[in-house]
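Undergrad: Pasting a structure below so you can have a look.
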Protein chains: 2
Amino acid sequence: MIKIAIDANGGDYGVDTTVLGSMLAIKKFKDLELILYGDENKIKPLLTDPTRITIVHTDQTIDMGEHDPVKAIRSQRDASLCLAMKACKNGEADACVTSGPTQCVVVGAHLLVRRLPQMERVALCPFVPNMDGHPRLLLDVGANVELKKEHLGSLALFASVVAEETLKIKNPKVGLLNIGSEPGKGREIEKEAYEYLSSMEGIHFYGNVEPTEMIHCPCDVVVTDGFSGNICLKSIEGTAKGMAAMLREEIRSSLGGIIGSFFMRKNLRRFKKRMSTKEVGGAMLFGLSKIVVKAHGNSDPQAFFHAIRLSRELVEADIITKVVKKLPKTEENE
Amino acid sequence: MIKIAIDANGGDYGVDTTVLGSMLAIKKFKDLELILYGDENKIKPLLTDPTRITIVHTDQTIDMGEHDPVKAIRSQRDASLCLAMKACKNGEADACVTSGPTQCVVVGAHLLVRRLPQMERVALCPFVPNMDGHPRLLLDVGANVELKKEHLGSLALFASVVAEETLKIKNPKVGLLNIGSEPGKGREIEKEAYEYLSSMEGIHFYGNVEPTEMIHCPCDVVVTDGFSGNICLKSIEGTAKGMAAMLREEIRSSLGGIIGSFFMRKNLRRFKKRMSTKEVGGAMLFGLSKIVVKAHGNSDPQAFFHAIRLSRELVEADIITKVVKKLPKTEENE
């Protein structure tokens, strides 16, 4: 059995997303056991199937608009997010899934789940949709505004193991996000990281990747600091949403558009699906001693299901053990 | 008369773009005089109208694949780009338009055109297409990988004057590109810049702007360092191009799609036009003592025409004098 702790109160829609998503997962995976941390009175009416479900009641929730993550995590130890993470740390669960506010998830992961001793940084890593239909890993997208070359190195290694196991890619290629394709481009950190990643063992370094290439990416994994990664990811998101909105506006602006869209409704649906992030399962937190997956705050049940699916996949593949084997030994684990 | 120096050999297509674009400009603006720096033998056959055109012959060109901009500018003083810039500096022309390689244009501007004494940095500033049809100014997008708060301040001031004059916006709003909307988000530089821009006179500071908002932007001007700006701009470009390609693919994949696209051909054309950068005239170089406009390397004659149009507009509005009036006095100009 794979046990996953669910932050059931979390996210923009709380139980309406998390419990319904959990039901989809329980139905799909017979080896799955879920512990729902949240408001029992709200959860129970939504449980269409109580098989392999445990509820741990709490009515505390980390607010989605929380601006002081450290204070929030320290002062609300009974919040559903904190309880789910602690269960993960204590071994009561193998993984934790939450759609809580990003910075609180990152801080909670640091304070409650804890880093692997070999990893100096925790990074947030989503799957980025790609034109060829195969998502790519981009990290860090916001856990650390700055990272050193060694951090980028160990995160690249972590991500490579995940790419091998989840995307089934042998020897995944790692790129460095940069403003030019040639070596020597970028800031000091990019120049140093280029050198460092080039000579690093255990990863397959491709070279620089320009942001123009992100959605038809020549690599499987792209590493950068959390500030640049966040800028890149949010620019892609904003443009994709904006363009979809403009296309809708233009189509609806005339009868020809409406008739045309009827003929090409299947084509438009496929187009929409190709850019959708719903099936990619949210962002993973890398560098921790356990699996933590963060679903989008405004996930619907389907998207939350995919976050559970992803966390189950990472547990099943025994990602943490595989990463630890590849990482250099520290004094603590020698 | 407004005199503009044209780097006629520059860009991916050389004279085929620059001379044809110049012809369009000469036809449109009767107060325009152009000096074409380039290969006379190639230029002459393309001159449909020699009125208000001077040719200064040179067969030297800065190669589009040039990797060492400083060496290129220093060793090829007779290259069309360098001659056009020198003419600008010497007062033989009021502005310079080039579609040469970006980093060579930046270095050339530094070494040949020179900065205003009050500006410590030169920045590259394109117009970014917006959903509402009104382009925004984003800077720096690649002239400096890092910038201090004071640099962002003087560049914000420069851009505000340009937004007032070219976009006809009274009291343009200035935003700071950041990974969150609240103050206190981002790296040290964003926190410092937020404070600095908030208390600065002569600009209207709006606050942080997230990259998701860039294409339906609440500000007229968005400032950031050249690394982050380049990441943002190229992510937008890549996504827009990728999505357009995917839409084409999906439409052409079935008969329904083809029939549908016939009905909505006008709608699709409008959609394409809204995201097009052709009419925005390329990127301006801010911080110089003269107007320099860089057209895209792969500009067609229409896009190059718009770069000339833009440079003419900036000269006509007497941008440099207006910026200098707003900048704090230095010892040199007191």
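Within each chain, counting starts at residue 1; across the structure tokens, chains are named A, B, ... in the order shown, with ligands numbered 1 upward in that order.
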Within 6 Å of chain A, which residues belong to chain B? Use only C-alpha atoms and report them as a list in words.

TA: Val145, Arg187, Pro211, Thr212, Ile231, Cys232, Lys234, Ser235, Ile236, Gly238, Thr239, Glu250, Ile251, Gly256, Gly257, Gly260, Ser261, Phe263, Met264 and Asn267 of chain B

Undergrad: Keeping only N, CA and C atoms, take the residues you just selected and write them out as a short mmCIF file (atom, residue, chain, number, x, y, z; two decimals), in the first residue's frame.

TA:
```cif
data_model
loop_
_atom_site.label_atom_id
_atom_site.label_comp_id
_atom_site.auth_asym_id
_atom_site.auth_seq_id
_atom_site.Cartn_x
_atom_site.Cartn_y
_atom_site.Cartn_z
N VAL B 145 23.34 42.72 -17.89
CA VAL B 145 22.78 41.58 -17.18
C VAL B 145 22.39 41.95 -15.75
N ARG B 187 14.35 39.53 -5.17
CA ARG B 187 15.70 39.50 -4.63
C ARG B 187 16.00 40.81 -3.91
N PRO B 211 5.09 38.67 -14.35
CA PRO B 211 5.20 38.35 -15.78
C PRO B 211 3.90 37.83 -16.39
N THR B 212 3.05 37.21 -15.57
CA THR B 212 1.75 36.77 -16.08
C THR B 212 0.93 37.94 -16.62
N ILE B 231 14.77 37.23 -20.33
CA ILE B 231 14.07 35.97 -20.05
C ILE B 231 12.56 36.16 -20.30
N CYS B 232 12.03 37.26 -19.77
CA CYS B 232 10.59 37.53 -19.90
C CYS B 232 10.20 37.71 -21.37
N LYS B 234 11.76 36.86 -24.17
CA LYS B 234 11.95 35.66 -25.00
C LYS B 234 10.96 34.55 -24.65
N SER B 235 10.52 34.51 -23.37
CA SER B 235 9.50 33.51 -23.01
C SER B 235 8.18 33.86 -23.69
N ILE B 236 7.86 35.15 -23.71
CA ILE B 236 6.64 35.61 -24.38
C ILE B 236 6.72 35.29 -25.87
N GLY B 238 8.61 33.13 -27.52
CA GLY B 238 8.62 31.69 -27.79
C GLY B 238 7.23 31.09 -27.66
N THR B 239 6.51 31.50 -26.62
CA THR B 239 5.18 30.95 -26.38
C THR B 239 4.22 31.40 -27.48
N GLU B 250 -3.02 22.18 -35.78
CA GLU B 250 -4.31 21.57 -35.44
C GLU B 250 -5.36 21.88 -36.51
N ILE B 251 -5.36 23.13 -37.00
CA ILE B 251 -6.35 23.50 -38.02
C ILE B 251 -6.15 22.67 -39.28
N GLY B 256 -12.45 19.44 -41.32
CA GLY B 256 -13.26 20.35 -40.50
C GLY B 256 -12.47 21.60 -40.14
N GLY B 257 -11.21 21.40 -39.81
CA GLY B 257 -10.36 22.52 -39.44
C GLY B 257 -10.16 23.46 -40.62
N GLY B 260 -13.42 25.23 -41.33
CA GLY B 260 -13.62 26.20 -40.26
C GLY B 260 -12.75 27.43 -40.44
N SER B 261 -11.49 27.20 -40.82
CA SER B 261 -10.56 28.32 -40.93
C SER B 261 -10.95 29.23 -42.09
N PHE B 263 -14.10 29.95 -42.88
CA PHE B 263 -15.15 30.82 -42.33
C PHE B 263 -14.57 31.90 -41.41
N MET B 264 -13.54 31.52 -40.68
CA MET B 264 -13.03 32.50 -39.71
C MET B 264 -11.68 33.09 -40.13
N ASN B 267 -11.12 36.52 -38.75
CA ASN B 267 -10.90 36.47 -37.31
C ASN B 267 -9.46 36.04 -37.01
#
```

Undergrad: Least-squares superpose chain A onto chain B - every C-alpha atom, paired in order - and show me the moved coordinates as a short mmCIF file (atom, residue, chain, number, x, y, z; two decimals) with C-alpha atoms, in the first residue's frame.

TA:
```
data_model
loop_
_atom_site.label_atom_id
_atom_site.label_comp_id
_atom_site.auth_asym_id
_atom_site.auth_seq_id
_atom_site.Cartn_x
_atom_site.Cartn_y
_atom_site.Cartn_z
CA MET A 1 14.48 68.00 -42.46
CA ILE A 2 15.10 64.98 -40.24
CA LYS A 3 18.26 63.09 -41.18
CA ILE A 4 18.56 59.42 -40.34
CA ALA A 5 21.62 57.23 -40.82
CA ILE A 6 20.78 53.72 -42.04
CA ASP A 7 23.02 50.68 -41.54
CA ALA A 8 22.12 49.37 -45.00
CA ASN A 9 24.35 46.27 -44.98
CA GLY A 10 23.08 45.10 -41.59
CA GLY A 11 20.59 42.41 -40.60
CA ASP A 12 19.86 38.94 -41.92
CA TYR A 13 18.82 40.18 -45.38
CA GLY A 14 20.95 43.35 -45.74
CA VAL A 15 19.91 45.77 -48.50
CA ASP A 16 16.87 43.69 -49.48
CA THR A 17 15.27 44.78 -46.25
CA THR A 18 16.96 48.04 -45.41
CA VAL A 19 16.74 49.74 -48.81
CA LEU A 20 13.17 48.63 -49.47
CA GLY A 21 12.19 49.77 -45.97
CA SER A 22 13.93 53.10 -46.62
CA MET A 23 11.95 53.57 -49.84
CA LEU A 24 8.70 53.11 -47.91
CA ALA A 25 9.83 55.73 -45.39
CA ILE A 26 10.93 58.27 -48.03
CA LYS A 27 7.54 57.90 -49.71
CA LYS A 28 5.64 58.36 -46.46
CA PHE A 29 7.58 61.21 -44.81
CA LYS A 30 8.38 64.27 -46.88
CA ASP A 31 10.56 65.76 -44.12
CA LEU A 32 12.87 62.75 -44.09
CA GLU A 33 16.41 62.50 -45.47
CA LEU A 34 18.21 59.16 -45.33
CA ILE A 35 21.92 58.41 -45.51
CA LEU A 36 22.42 54.79 -46.52
CA TYR A 37 25.72 53.28 -45.36
CA GLY A 38 26.33 50.18 -47.43
CA ASP A 39 27.32 48.57 -50.67
CA GLU A 40 26.55 51.12 -53.41
CA ASN A 41 26.43 48.48 -56.14
CA LYS A 42 23.74 46.59 -54.30
CA ILE A 43 21.83 49.63 -53.07
CA LYS A 44 21.50 51.51 -56.37
CA PRO A 45 19.45 48.90 -58.27
CA LEU A 46 16.95 48.84 -55.39
CA LEU A 47 16.43 52.61 -55.21
CA THR A 48 13.02 53.16 -56.74
CA ASP A 49 13.26 56.83 -55.77
CA PRO A 50 16.60 58.54 -55.13
CA THR A 51 14.96 61.66 -53.64
CA ARG A 52 16.45 62.72 -50.29
CA ILE A 53 18.79 59.71 -50.33
CA THR A 54 22.55 59.86 -49.92
CA ILE A 55 24.64 56.72 -50.30
CA VAL A 56 27.94 56.36 -48.44
CA HIS A 57 29.69 53.32 -49.86
CA THR A 58 31.16 50.60 -47.69
CA ASP A 59 31.32 46.89 -48.29
CA GLN A 60 32.20 46.07 -44.68
CA THR A 61 29.46 44.51 -42.56
CA ILE A 62 29.30 43.36 -38.95
CA ASP A 63 28.50 39.66 -39.22
CA MET A 64 25.17 38.57 -37.67
CA GLY A 65 26.92 35.66 -35.96
CA GLU A 66 29.62 37.87 -34.41
CA HIS A 67 30.56 36.58 -30.95
CA ASP A 68 33.05 39.24 -29.88
CA PRO A 69 31.22 42.57 -30.14
CA VAL A 70 34.00 44.74 -28.65
CA LYS A 71 36.59 43.39 -31.05
CA ALA A 72 34.18 43.63 -33.99
CA ILE A 73 33.35 47.29 -33.36
CA ARG A 74 36.99 48.23 -32.68
CA SER A 75 38.44 46.41 -35.69
CA GLN A 76 35.77 47.18 -38.29
CA ARG A 77 35.42 50.93 -38.09
CA ASP A 78 34.32 51.07 -41.72
CA ALA A 79 31.50 48.59 -41.25
CA SER A 80 28.12 50.06 -42.21
CA LEU A 81 26.93 49.90 -38.58
CA CYS A 82 29.95 51.85 -37.31
CA LEU A 83 29.76 54.50 -40.04
CA ALA A 84 26.05 55.05 -39.41
CA MET A 85 26.66 55.42 -35.68
CA LYS A 86 29.57 57.79 -36.17
CA ALA A 87 27.45 59.97 -38.48
CA CYS A 88 24.92 60.10 -35.68
CA LYS A 89 27.54 61.08 -33.10
CA ASN A 90 29.08 63.77 -35.39
CA GLY A 91 25.73 65.40 -36.01
CA GLU A 92 25.59 64.41 -39.68
CA ALA A 93 22.45 62.48 -38.79
CA ASP A 94 19.84 62.89 -36.03
CA ALA A 95 19.32 59.19 -35.48
CA CYS A 96 20.58 55.79 -36.53
CA VAL A 97 18.61 52.69 -37.50
CA THR A 98 20.18 49.23 -37.70
CA SER A 99 19.12 45.60 -37.77
CA GLY A 100 22.62 44.42 -36.87
CA PRO A 101 23.43 41.91 -34.12
CA THR A 102 22.13 43.13 -30.74
CA GLN A 103 25.30 42.99 -28.67
CA CYS A 104 27.30 44.74 -31.41
CA VAL A 105 24.67 47.47 -31.57
CA VAL A 106 24.89 47.93 -27.79
CA VAL A 107 28.71 48.03 -27.83
CA GLY A 108 28.73 50.31 -30.88
CA ALA A 109 26.30 52.66 -29.17
CA HIS A 110 28.58 52.81 -26.10
CA LEU A 111 31.81 53.33 -28.03
CA LEU A 112 30.64 55.38 -31.01
CA VAL A 113 27.43 57.23 -30.09
CA ARG A 114 28.22 57.59 -26.35
CA ARG A 115 26.04 57.82 -23.30
CA LEU A 116 24.48 60.98 -21.95
CA PRO A 117 26.73 62.06 -19.08
CA GLN A 118 23.72 61.75 -16.71
CA MET A 119 23.00 58.14 -17.68
CA GLU A 120 25.23 55.46 -16.22
CA ARG A 121 23.77 52.67 -18.29
CA VAL A 122 22.39 52.07 -21.75
CA ALA A 123 19.30 49.87 -22.02
CA LEU A 124 17.52 48.07 -24.80
CA CYS A 125 13.81 48.78 -24.82
CA PRO A 126 11.28 47.14 -27.17
CA PHE A 127 7.55 47.72 -27.35
CA VAL A 128 5.76 44.61 -26.10
CA PRO A 129 2.41 43.87 -27.81
CA ASN A 130 -0.50 43.99 -25.44
CA MET A 131 -3.98 42.45 -25.42
CA ASP A 132 -5.63 45.88 -25.43
CA GLY A 133 -3.77 46.84 -28.61
CA HIS A 134 -1.55 49.42 -26.86
CA PRO A 135 2.08 48.32 -26.71
CA ARG A 136 4.09 48.69 -23.48
CA LEU A 137 7.75 49.53 -22.90
CA LEU A 138 9.87 46.82 -21.27
CA LEU A 139 13.47 47.55 -20.31
CA ASP A 140 16.25 46.51 -20.02
CA VAL A 141 15.98 43.40 -22.18
CA GLY A 142 19.64 42.61 -22.61
CA ALA A 143 22.13 45.49 -22.62
CA ASN A 144 23.14 44.90 -18.96
CA VAL A 145 22.78 41.57 -17.17
CA GLU A 146 22.69 43.44 -13.86
CA LEU A 147 21.51 46.92 -12.89
CA LYS A 148 21.51 48.94 -9.66
CA LYS A 149 18.44 50.71 -8.30
CA GLU A 150 19.75 54.11 -9.46
CA HIS A 151 20.15 52.74 -13.00
CA LEU A 152 16.60 51.43 -12.96
CA GLY A 153 15.50 54.85 -11.74
CA SER A 154 17.11 56.87 -14.52
CA LEU A 155 16.00 54.34 -17.12
CA ALA A 156 12.43 54.55 -15.78
CA LEU A 157 12.59 58.31 -16.21
CA PHE A 158 13.93 58.01 -19.76
CA ALA A 159 11.25 55.49 -20.68
CA SER A 160 8.51 57.65 -19.14
CA VAL A 161 9.44 60.55 -21.43
CA VAL A 162 9.40 58.21 -24.44
CA ALA A 163 6.03 56.73 -23.41
CA GLU A 164 4.58 60.23 -23.10
CA GLU A 165 5.84 61.26 -26.52
CA THR A 166 5.37 58.09 -28.58
CA LEU A 167 2.40 56.42 -26.90
CA LYS A 168 0.82 59.79 -26.01
CA ILE A 169 0.24 58.79 -22.39
CA LYS A 170 0.01 61.49 -19.75
CA ASN A 171 1.88 60.47 -16.59
CA PRO A 172 2.79 56.96 -17.72
CA LYS A 173 2.77 54.35 -14.96
CA VAL A 174 6.05 52.55 -14.23
CA GLY A 175 6.08 49.00 -12.89
CA LEU A 176 8.89 46.82 -11.56
CA LEU A 177 9.03 43.28 -12.99
CA ASN A 178 8.84 40.93 -10.03
CA ILE A 179 7.79 37.43 -8.95
CA GLY A 180 5.02 38.67 -6.69
CA SER A 181 2.77 41.70 -6.52
CA GLU A 182 3.35 42.75 -2.89
CA PRO A 183 6.25 44.95 -1.79
CA GLY A 184 9.07 42.87 -0.27
CA LYS A 185 8.95 40.26 -3.04
CA GLY A 186 11.97 39.29 -5.13
CA ARG A 187 15.71 39.52 -4.62
CA GLU A 188 17.58 42.25 -2.74
CA ILE A 189 17.70 44.37 -5.92
CA GLU A 190 13.90 44.25 -6.35
CA LYS A 191 13.36 45.20 -2.69
CA GLU A 192 15.81 48.10 -2.99
CA ALA A 193 14.43 49.19 -6.36
CA TYR A 194 10.87 49.13 -5.01
CA GLU A 195 11.83 51.56 -2.24
CA TYR A 196 13.88 53.72 -4.57
CA LEU A 197 11.26 53.98 -7.32
CA SER A 198 8.50 54.63 -4.75
CA SER A 199 10.20 57.76 -3.50
CA MET A 200 11.62 58.95 -6.82
CA GLU A 201 10.43 62.19 -8.35
CA GLY A 202 9.54 62.58 -12.02
CA ILE A 203 8.02 59.11 -12.48
CA HIS A 204 4.70 57.55 -11.50
CA PHE A 205 5.51 54.30 -9.76
CA TYR A 206 2.79 51.67 -9.84
CA GLY A 207 4.48 48.83 -7.93
CA ASN A 208 5.42 45.28 -8.85
CA VAL A 209 4.23 43.70 -12.09
CA GLU A 210 4.20 39.92 -12.42
CA PRO A 211 5.21 38.36 -15.75
CA THR A 212 1.76 36.78 -16.05
CA GLU A 213 0.45 40.34 -16.46
CA MET A 214 2.94 41.43 -19.13
CA ILE A 215 0.60 41.02 -22.08
CA HIS A 216 -2.36 42.67 -20.37
CA CYS A 217 -0.20 45.02 -18.42
CA PRO A 218 -1.49 47.51 -15.82
CA CYS A 219 1.54 49.79 -16.50
CA ASP A 220 2.92 51.66 -19.49
CA VAL A 221 6.57 51.03 -18.66
CA VAL A 222 8.08 47.99 -16.92
CA VAL A 223 11.66 48.11 -15.66
CA THR A 224 14.02 45.27 -14.73
CA ASP A 225 17.62 44.17 -15.27
CA GLY A 226 18.67 42.98 -18.73
CA PHE A 227 18.84 39.32 -17.75
CA SER A 228 15.33 39.10 -16.30
CA GLY A 229 13.90 41.33 -19.04
CA ASN A 230 15.43 39.13 -21.70
CA ILE A 231 14.07 35.98 -20.03
CA CYS A 232 10.61 37.54 -19.87
CA LEU A 233 10.60 38.87 -23.45
CA LYS A 234 11.96 35.65 -24.97
CA SER A 235 9.51 33.51 -22.98
CA ILE A 236 6.64 35.60 -24.36
CA GLU A 237 8.04 35.43 -27.90
CA GLY A 238 8.63 31.68 -27.78
CA THR A 239 5.19 30.95 -26.36
CA ALA A 240 3.41 33.20 -28.86
CA LYS A 241 5.23 31.64 -31.81
CA GLY A 242 4.80 28.11 -30.46
CA MET A 243 1.09 28.57 -29.86
CA ALA A 244 0.56 30.07 -33.32
CA ALA A 245 2.39 27.08 -34.83
CA MET A 246 0.30 24.62 -32.81
CA LEU A 247 -2.92 26.35 -33.84
CA ARG A 248 -1.87 26.13 -37.51
CA GLU A 249 -0.97 22.44 -37.09
CA GLU A 250 -4.30 21.62 -35.47
CA ILE A 251 -6.32 23.56 -38.06
CA ARG A 252 -4.57 21.85 -40.98
CA SER A 253 -4.89 18.41 -39.44
CA SER A 254 -8.48 17.86 -40.64
CA LEU A 255 -10.99 18.92 -43.27
CA GLY A 256 -13.22 20.45 -40.57
CA GLY A 257 -10.31 22.62 -39.51
CA ILE A 258 -9.64 23.80 -43.04
CA ILE A 259 -13.30 24.60 -43.70
CA GLY A 260 -13.57 26.32 -40.32
CA SER A 261 -10.50 28.43 -40.99
CA PHE A 262 -12.05 29.59 -44.26
CA PHE A 263 -15.08 30.94 -42.39
CA MET A 264 -12.96 32.61 -39.75
CA ARG A 265 -10.08 33.79 -41.94
CA LYS A 266 -10.67 37.44 -41.02
CA ASN A 267 -10.83 36.57 -37.34
CA LEU A 268 -7.60 34.59 -37.53
CA ARG A 269 -5.92 37.46 -39.41
CA ARG A 270 -6.96 39.94 -36.71
CA PHE A 271 -5.71 37.51 -34.04
CA LYS A 272 -2.34 37.28 -35.80
CA LYS A 273 -2.10 41.04 -36.14
CA ARG A 274 -2.76 41.59 -32.44
CA MET A 275 0.29 39.55 -31.46
CA SER A 276 2.52 40.80 -34.27
CA THR A 277 5.61 42.83 -33.41
CA LYS A 278 6.05 44.07 -36.97
CA GLU A 279 4.40 47.43 -36.46
CA VAL A 280 6.07 48.33 -33.20
CA GLY A 281 9.35 49.40 -34.79
CA GLY A 282 12.03 47.40 -33.03
CA ALA A 283 13.85 48.19 -29.81
CA MET A 284 15.14 51.60 -28.81
CA LEU A 285 18.45 52.20 -27.08
CA PHE A 286 17.98 54.42 -24.05
CA GLY A 287 20.69 56.42 -22.32
CA LEU A 288 22.52 57.67 -25.40
CA SER A 289 23.16 61.21 -26.55
CA LYS A 290 21.40 60.40 -29.84
CA ILE A 291 18.49 58.26 -31.01
CA VAL A 292 19.40 54.69 -31.95
CA VAL A 293 16.75 52.17 -32.98
CA LYS A 294 17.51 48.51 -33.47
CA ALA A 295 15.18 46.64 -35.83
CA HIS A 296 14.89 42.86 -35.50
CA GLY A 297 17.68 41.00 -37.34
CA ASN A 298 15.16 39.22 -39.53
CA SER A 299 13.00 42.29 -40.21
CA ASP A 300 11.18 42.50 -43.52
CA PRO A 301 10.94 45.89 -45.34
CA GLN A 302 7.70 46.71 -43.51
CA ALA A 303 9.24 46.10 -40.08
CA PHE A 304 12.35 48.10 -41.06
CA PHE A 305 10.11 50.93 -42.25
CA HIS A 306 8.49 51.00 -38.81
CA ALA A 307 11.92 51.21 -37.16
CA ILE A 308 12.67 54.28 -39.32
CA ARG A 309 9.22 55.69 -38.54
CA LEU A 310 9.88 55.25 -34.82
CA SER A 311 13.32 56.89 -34.95
CA ARG A 312 11.83 59.83 -36.91
CA GLU A 313 9.12 60.17 -34.26
CA LEU A 314 11.70 60.21 -31.47
CA VAL A 315 13.75 62.89 -33.26
CA GLU A 316 10.66 64.96 -34.01
CA ALA A 317 9.59 64.81 -30.37
CA ASP A 318 13.07 65.99 -29.35
CA ILE A 319 13.25 63.15 -26.83
CA ILE A 320 16.88 63.61 -25.80
CA THR A 321 16.44 67.28 -24.84
CA LYS A 322 13.28 66.44 -22.89
CA VAL A 323 14.96 63.60 -21.02
CA VAL A 324 17.99 65.74 -20.17
CA LYS A 325 15.69 68.41 -18.68
CA LYS A 326 14.18 65.82 -16.36
CA LEU A 327 17.42 64.17 -15.32
CA PRO A 328 19.33 65.51 -12.31
CA LYS A 329 22.09 67.93 -13.36
CA THR A 330 25.63 66.56 -13.48
CA GLU A 331 28.78 68.62 -13.05
CA GLU A 332 29.42 68.33 -16.77
CA ASN A 333 26.21 70.03 -17.85
CA GLU A 334 25.71 72.54 -15.05
#
```

Undergrad: From a DSSP pass on the backbone, collect the residues of range 119-197 of chain B flagged as alpha helix (DSSP H) and hand them back as a short mmCIF file (atom, residue, chain, number, x, y, z; two decimals) with C-alpha atoms, in the first residue's frame.

TA:
```cif
data_model
loop_
_atom_site.label_atom_id
_atom_site.label_comp_id
_atom_site.auth_asym_id
_atom_site.auth_seq_id
_atom_site.Cartn_x
_atom_site.Cartn_y
_atom_site.Cartn_z
CA LYS B 149 18.44 50.71 -8.31
CA GLU B 150 19.74 54.11 -9.45
CA HIS B 151 20.15 52.75 -12.98
CA LEU B 152 16.59 51.42 -12.96
CA GLY B 153 15.48 54.86 -11.74
CA SER B 154 17.11 56.88 -14.50
CA LEU B 155 16.00 54.35 -17.12
CA ALA B 156 12.42 54.56 -15.79
CA LEU B 157 12.58 58.31 -16.21
CA PHE B 158 13.94 58.02 -19.76
CA ALA B 159 11.24 55.50 -20.68
CA SER B 160 8.51 57.66 -19.15
CA VAL B 161 9.44 60.57 -21.43
CA VAL B 162 9.41 58.22 -24.44
CA ALA B 163 6.02 56.74 -23.41
CA GLU B 164 4.58 60.25 -23.11
CA GLU B 165 5.85 61.26 -26.51
CA THR B 166 5.39 58.11 -28.58
CA GLU B 188 17.58 42.24 -2.77
CA ILE B 189 17.68 44.35 -5.95
CA GLU B 190 13.88 44.23 -6.35
CA LYS B 191 13.34 45.19 -2.70
CA GLU B 192 15.79 48.09 -2.99
CA ALA B 193 14.42 49.18 -6.37
CA TYR B 194 10.85 49.12 -5.03
CA GLU B 195 11.81 51.55 -2.24
CA TYR B 196 13.87 53.71 -4.56
CA LEU B 197 11.26 53.99 -7.32
#
```
